[in-house]
$ cat my_file-v2.pdb   # PDB, C-alpha atoms
ATOM      1  CA  MET P   1     104.786 122.851 127.955
ATOM      2  CA  ALA P   2     104.447 119.116 127.434
ATOM      3  CA  ARG P   3     107.384 116.841 128.043
ATOM      4  CA  ASN P   4     110.019 117.121 125.294
ATOM      5  CA  GLY P   5     108.220 120.064 123.751
ATOM      6  CA  LEU P   6     105.402 118.042 122.171
ATOM      7  CA  ASN P   7     103.133 121.093 122.357
ATOM      8  CA  GLU P   8     105.694 123.257 120.564
ATOM      9  CA  LEU P   9     106.213 121.464 117.273
ATOM     10  CA  PRO P  10     107.171 123.577 114.231
ATOM     11  CA  ASN P  11     104.503 124.517 111.706
ATOM     12  CA  GLY P  12     103.841 121.762 109.192
ATOM     13  CA  VAL P  13     104.962 119.003 111.582
ATOM     14  CA  THR P  14     102.682 116.712 113.585
ATOM     15  CA  LEU P  15     103.037 113.583 115.667
ATOM     16  CA  CYS P  16     103.151 110.418 113.596
ATOM     17  CA  GLU P  17     100.097 108.465 114.683
ATOM     18  CA  THR P  18     101.167 105.256 112.927
ATOM     19  CA  GLN P  19     104.300 104.623 114.999
ATOM     20  CA  VAL P  20     103.916 101.154 116.527
ATOM     21  CA  ALA P  21     107.217 100.593 118.360
ATOM     22  CA  GLY P  22     110.143 102.433 119.908
ATOM     23  CA  HIS P  23     109.923 105.605 121.968
ATOM     24  CA  THR P  24     106.551 107.216 121.324
ATOM     25  CA  ALA P  25     104.624 110.321 122.322
ATOM     26  CA  ALA P  26     102.228 108.099 124.273
ATOM     27  CA  GLN P  27     105.168 107.284 126.552
ATOM     28  CA  GLY P  28     105.977 110.975 126.992
ATOM     29  CA  CYS P  29     108.882 110.773 124.536
ATOM     30  CA  LEU P  30     109.521 112.557 121.285
ATOM     31  CA  GLY P  31     108.747 109.844 118.773
ATOM     32  CA  LEU P  32     108.338 109.946 115.025
ATOM     33  CA  LEU P  33     107.036 113.164 113.517
ATOM     34  CA  LYS P  34     105.201 113.546 110.228
ATOM     35  CA  SER P  35     105.610 116.327 107.718
ATOM     36  CA  SER P  36     102.230 117.519 106.503
ATOM     37  CA  ASN P  37     103.417 118.707 103.105
ATOM     38  CA  ASP P  38     105.954 116.314 101.582
ATOM     39  CA  GLY P  39     105.060 112.732 102.526
ATOM     40  CA  THR P  40     107.992 112.153 104.860
ATOM     41  CA  VAL P  41     108.528 111.216 108.487
ATOM     42  CA  LEU P  42     111.136 112.604 110.854
ATOM     43  CA  LYS P  43     112.927 110.232 113.212
ATOM     44  CA  PRO P  44     114.752 111.780 116.206
ATOM     45  CA  THR P  45     118.403 110.777 116.167
ATOM     46  CA  GLY P  46     118.362 110.016 119.892
ATOM     47  CA  LYS P  47     121.682 109.280 121.572
ATOM     48  CA  LEU P  48     124.650 110.940 119.887
ATOM     49  CA  GLN P  49     126.548 107.862 118.713
ATOM     50  CA  CYS P  50     123.350 106.087 117.623
ATOM     51  CA  GLY P  51     122.391 109.091 115.531
ATOM     52  CA  ILE P  52     125.835 109.334 113.973
ATOM     53  CA  ARG P  53     125.774 105.638 113.013
ATOM     54  CA  GLU P  54     122.285 105.747 111.507
ATOM     55  CA  ILE P  55     122.953 108.911 109.522
ATOM     56  CA  ALA P  56     126.199 107.421 108.204
ATOM     57  CA  PHE P  57     124.316 104.267 107.199
ATOM     58  CA  TYR P  58     121.741 106.192 105.160
ATOM     59  CA  GLU P  59     124.237 108.685 103.719
ATOM     60  CA  GLN P  60     126.137 105.941 101.894
ATOM     61  CA  LEU P  61     122.873 104.793 100.304
ATOM     62  CA  LYS P  62     121.544 108.231  99.357
ATOM     63  CA  PRO P  63     123.340 108.590  95.975
ATOM     64  CA  LEU P  64     122.270 105.069  95.027
ATOM     65  CA  GLN P  65     118.643 105.818  95.869
ATOM     66  CA  ALA P  66     118.810 108.974  93.772
ATOM     67  CA  MET P  67     119.209 106.767  90.706
ATOM     68  CA  GLN P  68     116.024 104.825  91.442
ATOM     69  CA  LEU P  69     112.434 105.696  90.747
ATOM     70  CA  ALA P  70     110.648 106.638  93.958
ATOM     71  CA  THR P  71     108.220 103.706  93.667
ATOM     72  CA  GLU P  72     110.475 101.250  91.846
ATOM     73  CA  ARG P  73     109.982  97.661  92.952
ATOM     74  CA  SER P  74     112.221  94.986  91.522
ATOM     75  CA  THR P  75     110.867  91.608  90.507
ATOM     76  CA  ASP P  76     114.354  90.124  90.194
ATOM     77  CA  PRO P  77     115.650  88.126  93.172
ATOM     78  CA  VAL P  78     118.408  89.693  95.237
ATOM     79  CA  THR P  79     121.545  87.665  94.600
ATOM     80  CA  THR P  80     124.299  89.906  95.950
ATOM     81  CA  GLY P  81     124.959  91.767  99.158
ATOM     82  CA  SER P  82     125.697  95.036  97.390
ATOM     83  CA  LEU P  83     124.897  98.521  98.640
ATOM     84  CA  GLN P  84     122.918  99.039  95.437
ATOM     85  CA  GLN P  85     120.524  96.257  96.351
ATOM     86  CA  LEU P  86     120.416  97.334  99.998
ATOM     87  CA  SER P  87     119.389 100.827  98.907
ATOM     88  CA  CYS P  88     116.189  99.349  97.436
ATOM     89  CA  LEU P  89     115.292  97.549 100.665
ATOM     90  CA  VAL P  90     115.177 100.555 103.005
ATOM     91  CA  PRO P  91     112.991 103.698 103.040
ATOM     92  CA  ARG P  92     114.126 106.547 100.821
ATOM     93  CA  TYR P  93     116.346 108.941 102.753
ATOM     94  CA  TYR P  94     116.163 112.734 102.433
ATOM     95  CA  GLY P  95     118.824 113.985 104.833
ATOM     96  CA  HIS P  96     119.108 114.911 108.505
ATOM     97  CA  PRO P  97     117.512 118.319 109.130
ATOM     98  CA  LYS P  98     117.498 120.153 112.440
ATOM     99  CA  LEU P  99     114.268 121.571 113.848
ATOM    100  CA  PRO P 100     113.442 123.680 116.915
ATOM    101  CA  ILE P 101     111.590 121.490 119.423
ATOM    102  CA  GLY P 102     110.628 122.806 122.840
ATOM    103  CA  GLY P 103     113.059 125.695 122.616
ATOM    104  CA  LYS P 104     116.093 123.721 121.491
ATOM    105  CA  GLU P 105     117.427 122.500 118.173
ATOM    106  CA  MET P 106     117.110 118.771 117.512
ATOM    107  CA  GLU P 107     118.394 116.636 114.659
ATOM    108  CA  PHE P 108     116.186 114.214 112.737
ATOM    109  CA  ILE P 109     116.523 111.586 110.035
ATOM    110  CA  GLN P 110     114.071 112.373 107.244
ATOM    111  CA  LEU P 111     112.611 109.323 105.502
ATOM    112  CA  GLU P 112     109.750 108.545 103.164
ATOM    113  CA  ASP P 113     106.426 107.808 104.823
ATOM    114  CA  LEU P 114     105.910 104.202 103.763
ATOM    115  CA  THR P 115     102.175 104.435 104.446
ATOM    116  CA  GLU P 116     101.614 107.627 102.443
ATOM    117  CA  GLY P 117      98.312 107.257 100.608
ATOM    118  CA  TYR P 118      97.125 104.317 102.725
ATOM    119  CA  GLU P 119      93.552 104.721 103.937
ATOM    120  CA  GLN P 120      93.836 102.112 106.702
ATOM    121  CA  PRO P 121      97.543 101.463 107.354
ATOM    122  CA  CYS P 122      98.348  98.136 109.002
ATOM    123  CA  ILE P 123     101.909  98.055 110.341
ATOM    124  CA  MET P 124     103.969  95.436 112.172
ATOM    125  CA  ASP P 125     107.470  96.038 113.529
ATOM    126  CA  VAL P 126     109.456  92.775 113.547
ATOM    127  CA  LYS P 127     112.765  93.196 115.341
ATOM    128  CA  ILE P 128     115.384  90.920 113.801
ATOM    129  CA  GLY P 129     118.106  89.023 115.628
ATOM    130  CA  ARG P 130     118.473  86.758 118.616
ATOM    131  CA  ARG P 131     121.074  89.188 119.936
ATOM    132  CA  THR P 132     119.934  92.816 120.032
ATOM    133  CA  TRP P 133     122.787  94.461 121.926
ATOM    134  CA  ASP P 134     125.697  95.870 119.936
ATOM    135  CA  PRO P 135     129.471  95.621 120.595
ATOM    136  CA  MET P 136     129.464  98.941 122.485
ATOM    137  CA  ALA P 137     126.772  97.882 124.973
ATOM    138  CA  THR P 138     127.595  97.922 128.668
ATOM    139  CA  PRO P 139     127.152  94.730 130.731
ATOM    140  CA  GLU P 140     123.998  96.279 132.196
ATOM    141  CA  LYS P 141     122.608  96.984 128.742
ATOM    142  CA  ARG P 142     123.398  93.473 127.551
ATOM    143  CA  LYS P 143     121.626  91.964 130.541
ATOM    144  CA  ALA P 144     118.581  94.149 130.010
ATOM    145  CA  GLU P 145     118.382  93.284 126.302
ATOM    146  CA  GLU P 146     118.757  89.559 126.942
ATOM    147  CA  SER P 147     115.718  89.631 129.234
ATOM    148  CA  LYS P 148     113.377  91.123 126.620
ATOM    149  CA  TYR P 149     111.135  88.975 124.396
ATOM    150  CA  LYS P 150     113.223  86.002 125.464
ATOM    151  CA  ALA P 151     110.946  83.185 124.269
ATOM    152  CA  CYS P 152     110.551  84.504 120.724
ATOM    153  CA  ARG P 153     114.135  85.618 120.278
ATOM    154  CA  GLN P 154     115.625  82.317 121.402
ATOM    155  CA  THR P 155     113.353  80.252 119.177
ATOM    156  CA  PHE P 156     112.983  82.426 116.099
ATOM    157  CA  GLY P 157     115.676  85.092 116.301
ATOM    158  CA  LEU P 158     112.994  87.782 116.135
ATOM    159  CA  CYS P 159     110.363  89.497 118.243
ATOM    160  CA  ILE P 160     107.358  91.784 117.762
ATOM    161  CA  PRO P 161     107.566  95.015 119.793
ATOM    162  CA  GLY P 162     104.378  96.425 118.276
ATOM    163  CA  PHE P 163     101.792  96.442 115.508
ATOM    164  CA  GLN P 164      98.478  97.932 114.467
ATOM    165  CA  VAL P 165      95.790  96.507 112.216
ATOM    166  CA  TYR P 166      92.366  97.555 110.985
ATOM    167  CA  SER P 167      90.274  94.462 111.618
ATOM    168  CA  VAL P 168      88.071  93.992 108.553
ATOM    169  CA  HIS P 169      86.324  90.786 109.644
ATOM    170  CA  ASP P 170      84.705  92.086 112.842
ATOM    171  CA  SER P 171      80.974  92.206 113.360
ATOM    172  CA  ASP P 172      79.123  95.182 111.903
ATOM    173  CA  ASP P 173      79.090  97.182 115.127
ATOM    174  CA  ARG P 174      82.894  97.090 115.307
ATOM    175  CA  LYS P 175      83.629  97.059 111.600
ATOM    176  CA  ASP P 176      87.169  98.042 110.656
ATOM    177  CA  ARG P 177      88.136  98.820 114.228
ATOM    178  CA  LEU P 178      91.759  99.719 114.850
ATOM    179  CA  VAL P 179      93.599  97.186 117.004
ATOM    180  CA  ARG P 180      96.956  98.142 118.484
ATOM    181  CA  HIS P 181      99.364  95.963 120.445
ATOM    182  CA  GLY P 182     102.639  97.082 122.000
ATOM    183  CA  LYS P 183     105.586  95.566 123.778
ATOM    184  CA  ASP P 184     103.517  94.041 126.600
ATOM    185  CA  TYR P 185     101.668  91.920 124.048
ATOM    186  CA  GLY P 186     104.899  91.084 122.246
ATOM    187  CA  LYS P 187     106.542  89.861 125.441
ATOM    188  CA  GLN P 188     103.783  87.289 125.859
ATOM    189  CA  LEU P 189     104.462  85.667 122.503
ATOM    190  CA  THR P 190     106.075  82.234 122.389
ATOM    191  CA  GLU P 191     106.593  79.436 119.892
ATOM    192  CA  SER P 192     103.060  78.241 120.580
ATOM    193  CA  ASN P 193     101.208  81.522 119.991
ATOM    194  CA  ILE P 194     103.304  83.740 117.707
ATOM    195  CA  ARG P 195     101.233  82.505 114.762
ATOM    196  CA  ASP P 196      98.178  84.067 116.428
ATOM    197  CA  ALA P 197      99.821  87.497 116.255
ATOM    198  CA  PHE P 198     100.440  87.115 112.524
ATOM    199  CA  GLN P 199      96.907  85.830 111.959
ATOM    200  CA  LEU P 200      95.556  88.938 113.637
ATOM    201  CA  PHE P 201      97.866  91.231 111.681
ATOM    202  CA  LEU P 202      97.081  89.543 108.350
ATOM    203  CA  ASN P 203      93.339  89.881 108.962
ATOM    204  CA  ALA P 204      92.712  86.153 108.930
ATOM    205  CA  THR P 205      89.101  85.027 108.884
ATOM    206  CA  PRO P 206      87.694  83.324 112.009
ATOM    207  CA  ASP P 207      88.577  79.952 110.455
ATOM    208  CA  GLY P 208      92.201  81.023 109.882
ATOM    209  CA  ARG P 209      92.247  81.832 106.156
ATOM    210  CA  VAL P 210      94.248  84.780 104.819
ATOM    211  CA  ASN P 211      94.355  86.675 101.550
ATOM    212  CA  GLN P 212      96.858  85.067  99.171
ATOM    213  CA  GLU P 213      97.772  88.292  97.387
ATOM    214  CA  LEU P 214      98.618  89.935 100.697
ATOM    215  CA  VAL P 215     100.922  87.137 101.846
ATOM    216  CA  HIS P 216     102.637  86.859  98.458
ATOM    217  CA  SER P 217     103.254  90.600  98.342
ATOM    218  CA  LEU P 218     104.789  90.707 101.812
ATOM    219  CA  LEU P 219     106.852  87.600 101.071
ATOM    220  CA  HIS P 220     108.155  89.149  97.852
ATOM    221  CA  ASP P 221     109.826  91.942  99.798
ATOM    222  CA  VAL P 222     110.929  89.852 102.787
ATOM    223  CA  ARG P 223     112.586  87.361 100.426
ATOM    224  CA  GLN P 224     114.457  90.256  98.830
ATOM    225  CA  ILE P 225     115.737  91.185 102.285
ATOM    226  CA  GLN P 226     116.553  87.539 102.951
ATOM    227  CA  GLY P 227     118.520  87.278  99.712
ATOM    228  CA  TRP P 228     120.585  90.346 100.530
ATOM    229  CA  SER P 229     121.284  89.221 104.098
ATOM    230  CA  HIS P 230     122.541  85.815 102.968
ATOM    231  CA  CYS P 231     125.023  87.442 100.579
ATOM    232  CA  GLN P 232     126.305  90.520 102.409
ATOM    233  CA  THR P 233     129.355  90.532 104.667
ATOM    234  CA  THR P 234     129.695  94.284 105.270
ATOM    235  CA  PHE P 235     127.281  94.905 108.128
ATOM    236  CA  ARG P 236     126.327  93.537 111.512
ATOM    237  CA  LEU P 237     122.798  94.752 112.214
ATOM    238  CA  TYR P 238     121.664  94.798 115.833
ATOM    239  CA  SER P 239     118.181  95.808 116.997
ATOM    240  CA  SER P 240     117.153  96.456 113.399
ATOM    241  CA  SER P 241     113.633  95.707 112.207
ATOM    242  CA  VAL P 242     111.643  94.634 109.188
ATOM    243  CA  LEU P 243     108.494  96.702 108.847
ATOM    244  CA  LEU P 244     105.518  94.866 107.366
ATOM    245  CA  LEU P 245     102.744  97.109 106.069
ATOM    246  CA  TYR P 246      99.609  97.078 103.975
ATOM    247  CA  ASP P 247      96.409  99.016 103.399
ATOM    248  CA  ALA P 248      93.384  97.228 104.898
ATOM    249  CA  ALA P 249      91.047  99.311 102.762
ATOM    250  CA  HIS P 250      92.710  97.934  99.645
ATOM    251  CA  LEU P 251      92.705  94.437 101.133
ATOM    252  CA  LYS P 252      88.914  94.632 101.350
ATOM    253  CA  THR P 253      88.734  95.664  97.710
ATOM    254  CA  VAL P 254      91.051  92.863  96.570
ATOM    255  CA  THR P 255      89.182  90.272  98.624
ATOM    256  CA  SER P 256      85.815  91.451  97.343
ATOM    257  CA  MET P 257      86.999  91.377  93.741
ATOM    258  CA  LYS P 258      88.426  87.906  94.128
ATOM    259  CA  GLN P 259      85.276  86.611  95.734
ATOM    260  CA  SER P 260      83.342  88.110  92.811
ATOM    261  CA  ASN P 261      85.698  86.403  90.344
ATOM    262  CA  LYS P 262      86.761  89.732  88.901
ATOM    263  CA  SER P 263      90.215  90.317  87.522
ATOM    264  CA  LEU P 264      92.811  91.827  89.867
ATOM    265  CA  THR P 265      94.876  94.725  88.573
ATOM    266  CA  ARG P 266      97.322  95.376  91.444
ATOM    267  CA  ASN P 267      99.699  93.090  93.313
ATOM    268  CA  ASP P 268      98.406  90.108  91.313
ATOM    269  CA  HIS P 269     100.588  87.010  91.735
ATOM    270  CA  HIS P 270     100.649  83.876  89.660
ATOM    271  CA  SER P 271      99.054  80.816  91.191
ATOM    272  CA  ASP P 272     102.380  78.980  91.144
ATOM    273  CA  GLY P 273     103.931  81.587  93.448
ATOM    274  CA  THR P 274     106.182  83.213  90.848
ATOM    275  CA  LEU P 275     106.682  86.949  90.962
ATOM    276  CA  PRO P 276     104.321  89.304  89.137
ATOM    277  CA  ALA P 277     105.183  92.039  86.683
ATOM    278  CA  ALA P 278     106.722  95.162  88.194
ATOM    279  CA  GLU P 279     104.453  97.643  89.940
ATOM    280  CA  PRO P 280     103.321 100.443  87.623
ATOM    281  CA  ILE P 281     105.497 103.527  87.870
ATOM    282  CA  ASN P 282     104.325 106.134  90.395
ATOM    283  CA  ARG P 283     102.112 103.660  92.241
ATOM    284  CA  ARG P 284     102.984 102.645  95.789
ATOM    285  CA  PRO P 285     102.520  98.917  96.495
ATOM    286  CA  TRP P 286      99.501  98.320  98.732
ATOM    287  CA  ALA P 287     101.497  95.781 100.737
ATOM    288  CA  ALA P 288     105.249  95.871 101.307
ATOM    289  CA  ALA P 289     108.154  95.255 103.686
ATOM    290  CA  LYS P 290     111.212  97.405 104.379
ATOM    291  CA  MET P 291     114.296  97.250 106.568
ATOM    292  CA  ILE P 292     114.367 100.011 109.211
ATOM    293  CA  ASP P 293     116.286 101.149 112.318
ATOM    294  CA  PHE P 294     120.045 101.268 111.841
ATOM    295  CA  ALA P 295     121.229 103.046 114.984
ATOM    296  CA  HIS P 296     123.140  99.869 115.820
ATOM    297  CA  ALA P 297     124.501  99.071 112.356
ATOM    298  CA  PHE P 298     128.183  98.134 112.589
ATOM    299  CA  THR P 299     130.650  97.149 109.921
ATOM    300  CA  LYS P 300     132.427  93.844 110.292
ATOM    301  CA  GLU P 301     135.678  95.666 111.085
ATOM    302  CA  THR P 302     134.127  97.067 114.278
ATOM    303  CA  ASP P 303     132.560  93.827 115.460
ATOM    304  CA  ASP P 304     134.372  90.694 116.562
ATOM    305  CA  ALA P 305     131.494  88.377 115.616
ATOM    306  CA  GLY P 306     134.002  86.072 113.938
ATOM    307  CA  THR P 307     131.898  85.095 110.936
ATOM    308  CA  THR P 308     131.724  86.369 107.393
ATOM    309  CA  ARG P 309     127.933  86.574 107.367
ATOM    310  CA  ASP P 310     125.601  88.195 109.855
ATOM    311  CA  ASP P 311     124.112  84.921 111.057
ATOM    312  CA  ASN P 312     122.307  86.674 113.894
ATOM    313  CA  TYR P 313     120.293  88.720 111.382
ATOM    314  CA  ILE P 314     119.904  85.827 108.950
ATOM    315  CA  GLN P 315     118.245  83.618 111.561
ATOM    316  CA  GLY P 316     115.527  86.207 112.178
ATOM    317  CA  VAL P 317     114.813  86.889 108.511
ATOM    318  CA  ASP P 318     114.730  83.168 107.704
ATOM    319  CA  SER P 319     112.224  82.671 110.529
ATOM    320  CA  LEU P 320     110.052  85.520 109.254
ATOM    321  CA  VAL P 321     109.977  83.974 105.770
ATOM    322  CA  ALA P 322     109.102  80.582 107.256
ATOM    323  CA  ILE P 323     106.258  82.035 109.347
ATOM    324  CA  LEU P 324     104.739  83.868 106.390
ATOM    325  CA  ASN P 325     105.159  80.787 104.188
ATOM    326  CA  GLN P 326     102.963  78.829 106.584
ATOM    327  CA  PHE P 327     100.023  80.985 105.560
ATOM    328  CA  LEU P 328     100.392  79.790 101.965
ATOM    329  CA  GLU P 329      99.999  76.183 103.030
ATOM    330  CA  ILE P 330      96.369  76.647 104.079
ATOM    331  CA  ASP P 331      93.221  77.596 102.231
ATOM    332  CA  THR P 332      93.214  81.270 101.342
ATOM    333  CA  ILE P 333      90.561  83.860 100.641
TER     334      ILE P 333
END

$ encode --input "my_file-v2.pdb" --output "structure tokens"
Amino acid sequence: MARNGLNELPNGVTLCETQVAGHTAAQGCLGLLKSSNDGTVLKPTGKLQCGIREIAFYEQLKPLQAMQLATERSTDPVTTGSLQQLSCLVPRYYGHPKLPIGGKEMEFIQLEDLTEGYEQPCIMDVKIGRRTWDPMATPEKRKAEESKYKACRQTFGLCIPGFQVYSVHDSDDRKDRLVRHGKDYGKQLTESNIRDAFQLFLNATPDGRVNQELVHSLLHDVRQIQGWSHCQTTFRLYSSSVLLLYDAAHLKTVTSMKQSNKSLTRNDHHSDGTLPAAEPINRRPWAAAKMIDFAHAFTKETDDAGTTRDDNYIQGVDSLVAILNQFLEIDTI
């Protein structure tokens, strides 16, 4: 039997091959699992208290999500810190089932697969916050967290523990090759080279140009998250992430159509940067961003941060918006 029962998964459940950060099967851990029949992923709850916190976080959003269309995407800016608006910024939640893994019952958090239907999913995990340890962390844990991704976290209030991208600009013999980078790559990033990581993820051309529709679409969602974080005073989010994702196969189509001066029909944005019309119902956006990972989500009553806003989280999201905005200030493809 493989470690953690990876060879004894229930029928209809497989390893999630698109996981780019956290504890993964490649590390001998039980990472994300994927349901083969309903377009969801299963996240192990991990440590008891972390699982309890994350389930509680999603449970309060579940009834609000039930009132939304599965693929609804607002074009209105987020102007409040309400739970209703937060419920639109996270993956859809379907409960916390228990499954037999390796001879014992384990609890999972069941969420929508944000890359369902993507032919070539490109995914970047951006961990938000200069401080990643929560109020319950031991001195040893705090010290360990402070030593990780130090250069990026101190400067930007964020770090990149992992990403994958299908490189569409490679030479013919390596066309559309899958590139994956993990925490070792992320730990090497600094103020001087973090832009390189985003250029790689955004499939920039050799001369540094990126697709405008792609950047606008990602920025649309990240700005929604930014708007909520600037308004809300309920939560303190530690070690939470923003997941950036898009379909490289669709990126190639959009780029080809634009270069051929054909009209775009999906994720089209106005040249002045204003938001487009809402996505058609029952169509998943080909590029998006969502808030994930809430095992260390605390309410303000349980944290002595001493401020009304979560400035630790805000710094990271503001930096992410600023980094993506830089790619709109250059020539695009």

$ resolve_selection --input "my_file-v2.pdb" --expression "the PyMOL selection byres ((chain P and resi 148-154) around 9)" --output "number ranges by chain"
P: 128-131, 144-147, 155-161, 183, 186-191, 194, 316

$ resolve_selection --input "my_file-v2.pdb" --expression "the PyMOL selection byres ((chain P and resi 63) around 12)" --output "VMD selection string"
chain P and resid 58 to 62 64 to 68 83 to 84 87 to 88 92 to 95

$ resolve_selection --input "my_file-v2.pdb" --expression "the PyMOL selection byres ((chain P and resi 97-106) around 7)" --output "PyMOL selection string"
chain P and resi 4-5+8-10+95-96+107-109

$ closest_atom_pairs --input "my_file-v2.pdb" --of "region 31-98 of chain P" --to "region 227-238 of chain P" --cutoff "6 Å" --atoms "all atoms listed in the file" --output "tab-separated table"
residue	atom	partner	partner_atom	distance
P:Val78	CA	P:Gly227	CA	5.1
P:Thr79	CA	P:Gly227	CA	6.0
P:Thr80	CA	P:Cys231	CA	5.3
P:Gly81	CA	P:Gln232	CA	3.7

$ write_last_selection --input "my_file-v2.pdb" --atoms "C-alpha atoms" --output "CSV table (one decimal), in the coordinates of the input"
chain,number,residue,atom,x,y,z
P,78,VAL,CA,118.4,89.7,95.2
P,79,THR,CA,121.5,87.7,94.6
P,80,THR,CA,124.3,89.9,96.0
P,81,GLY,CA,125.0,91.8,99.2

$ residues_around --input "my_file-v2.pdb" --residues "Thr115 (chain P)" --least-positions-apart "2" --cutoff "10 Å" --atoms "all atoms listed in the file" --output "short mmCIF file (atom, residue, chain, number, x, y, z; two decimals) with C-alpha atoms, keeping the file's coordinate frame"
data_model
loop_
_atom_site.label_atom_id
_atom_site.label_comp_id
_atom_site.auth_asym_id
_atom_site.auth_seq_id
_atom_site.Cartn_x
_atom_site.Cartn_y
_atom_site.Cartn_z
CA THR P 18 101.17 105.26 112.93
CA GLY P 39 105.06 112.73 102.53
CA THR P 40 107.99 112.15 104.86
CA GLU P 112 109.75 108.54 103.16
CA ASP P 113 106.43 107.81 104.82
CA GLY P 117 98.31 107.26 100.61
CA TYR P 118 97.12 104.32 102.72
CA GLU P 119 93.55 104.72 103.94
CA GLN P 120 93.84 102.11 106.70
CA PRO P 121 97.54 101.46 107.35
CA CYS P 122 98.35 98.14 109.00
CA ILE P 123 101.91 98.06 110.34
CA LEU P 245 102.74 97.11 106.07
CA TYR P 246 99.61 97.08 103.98
CA ASP P 247 96.41 99.02 103.40
CA ARG P 284 102.98 102.64 95.79
CA PRO P 285 102.52 98.92 96.50
CA TRP P 286 99.50 98.32 98.73
CA ALA P 287 101.50 95.78 100.74
CA ALA P 288 105.25 95.87 101.31
#
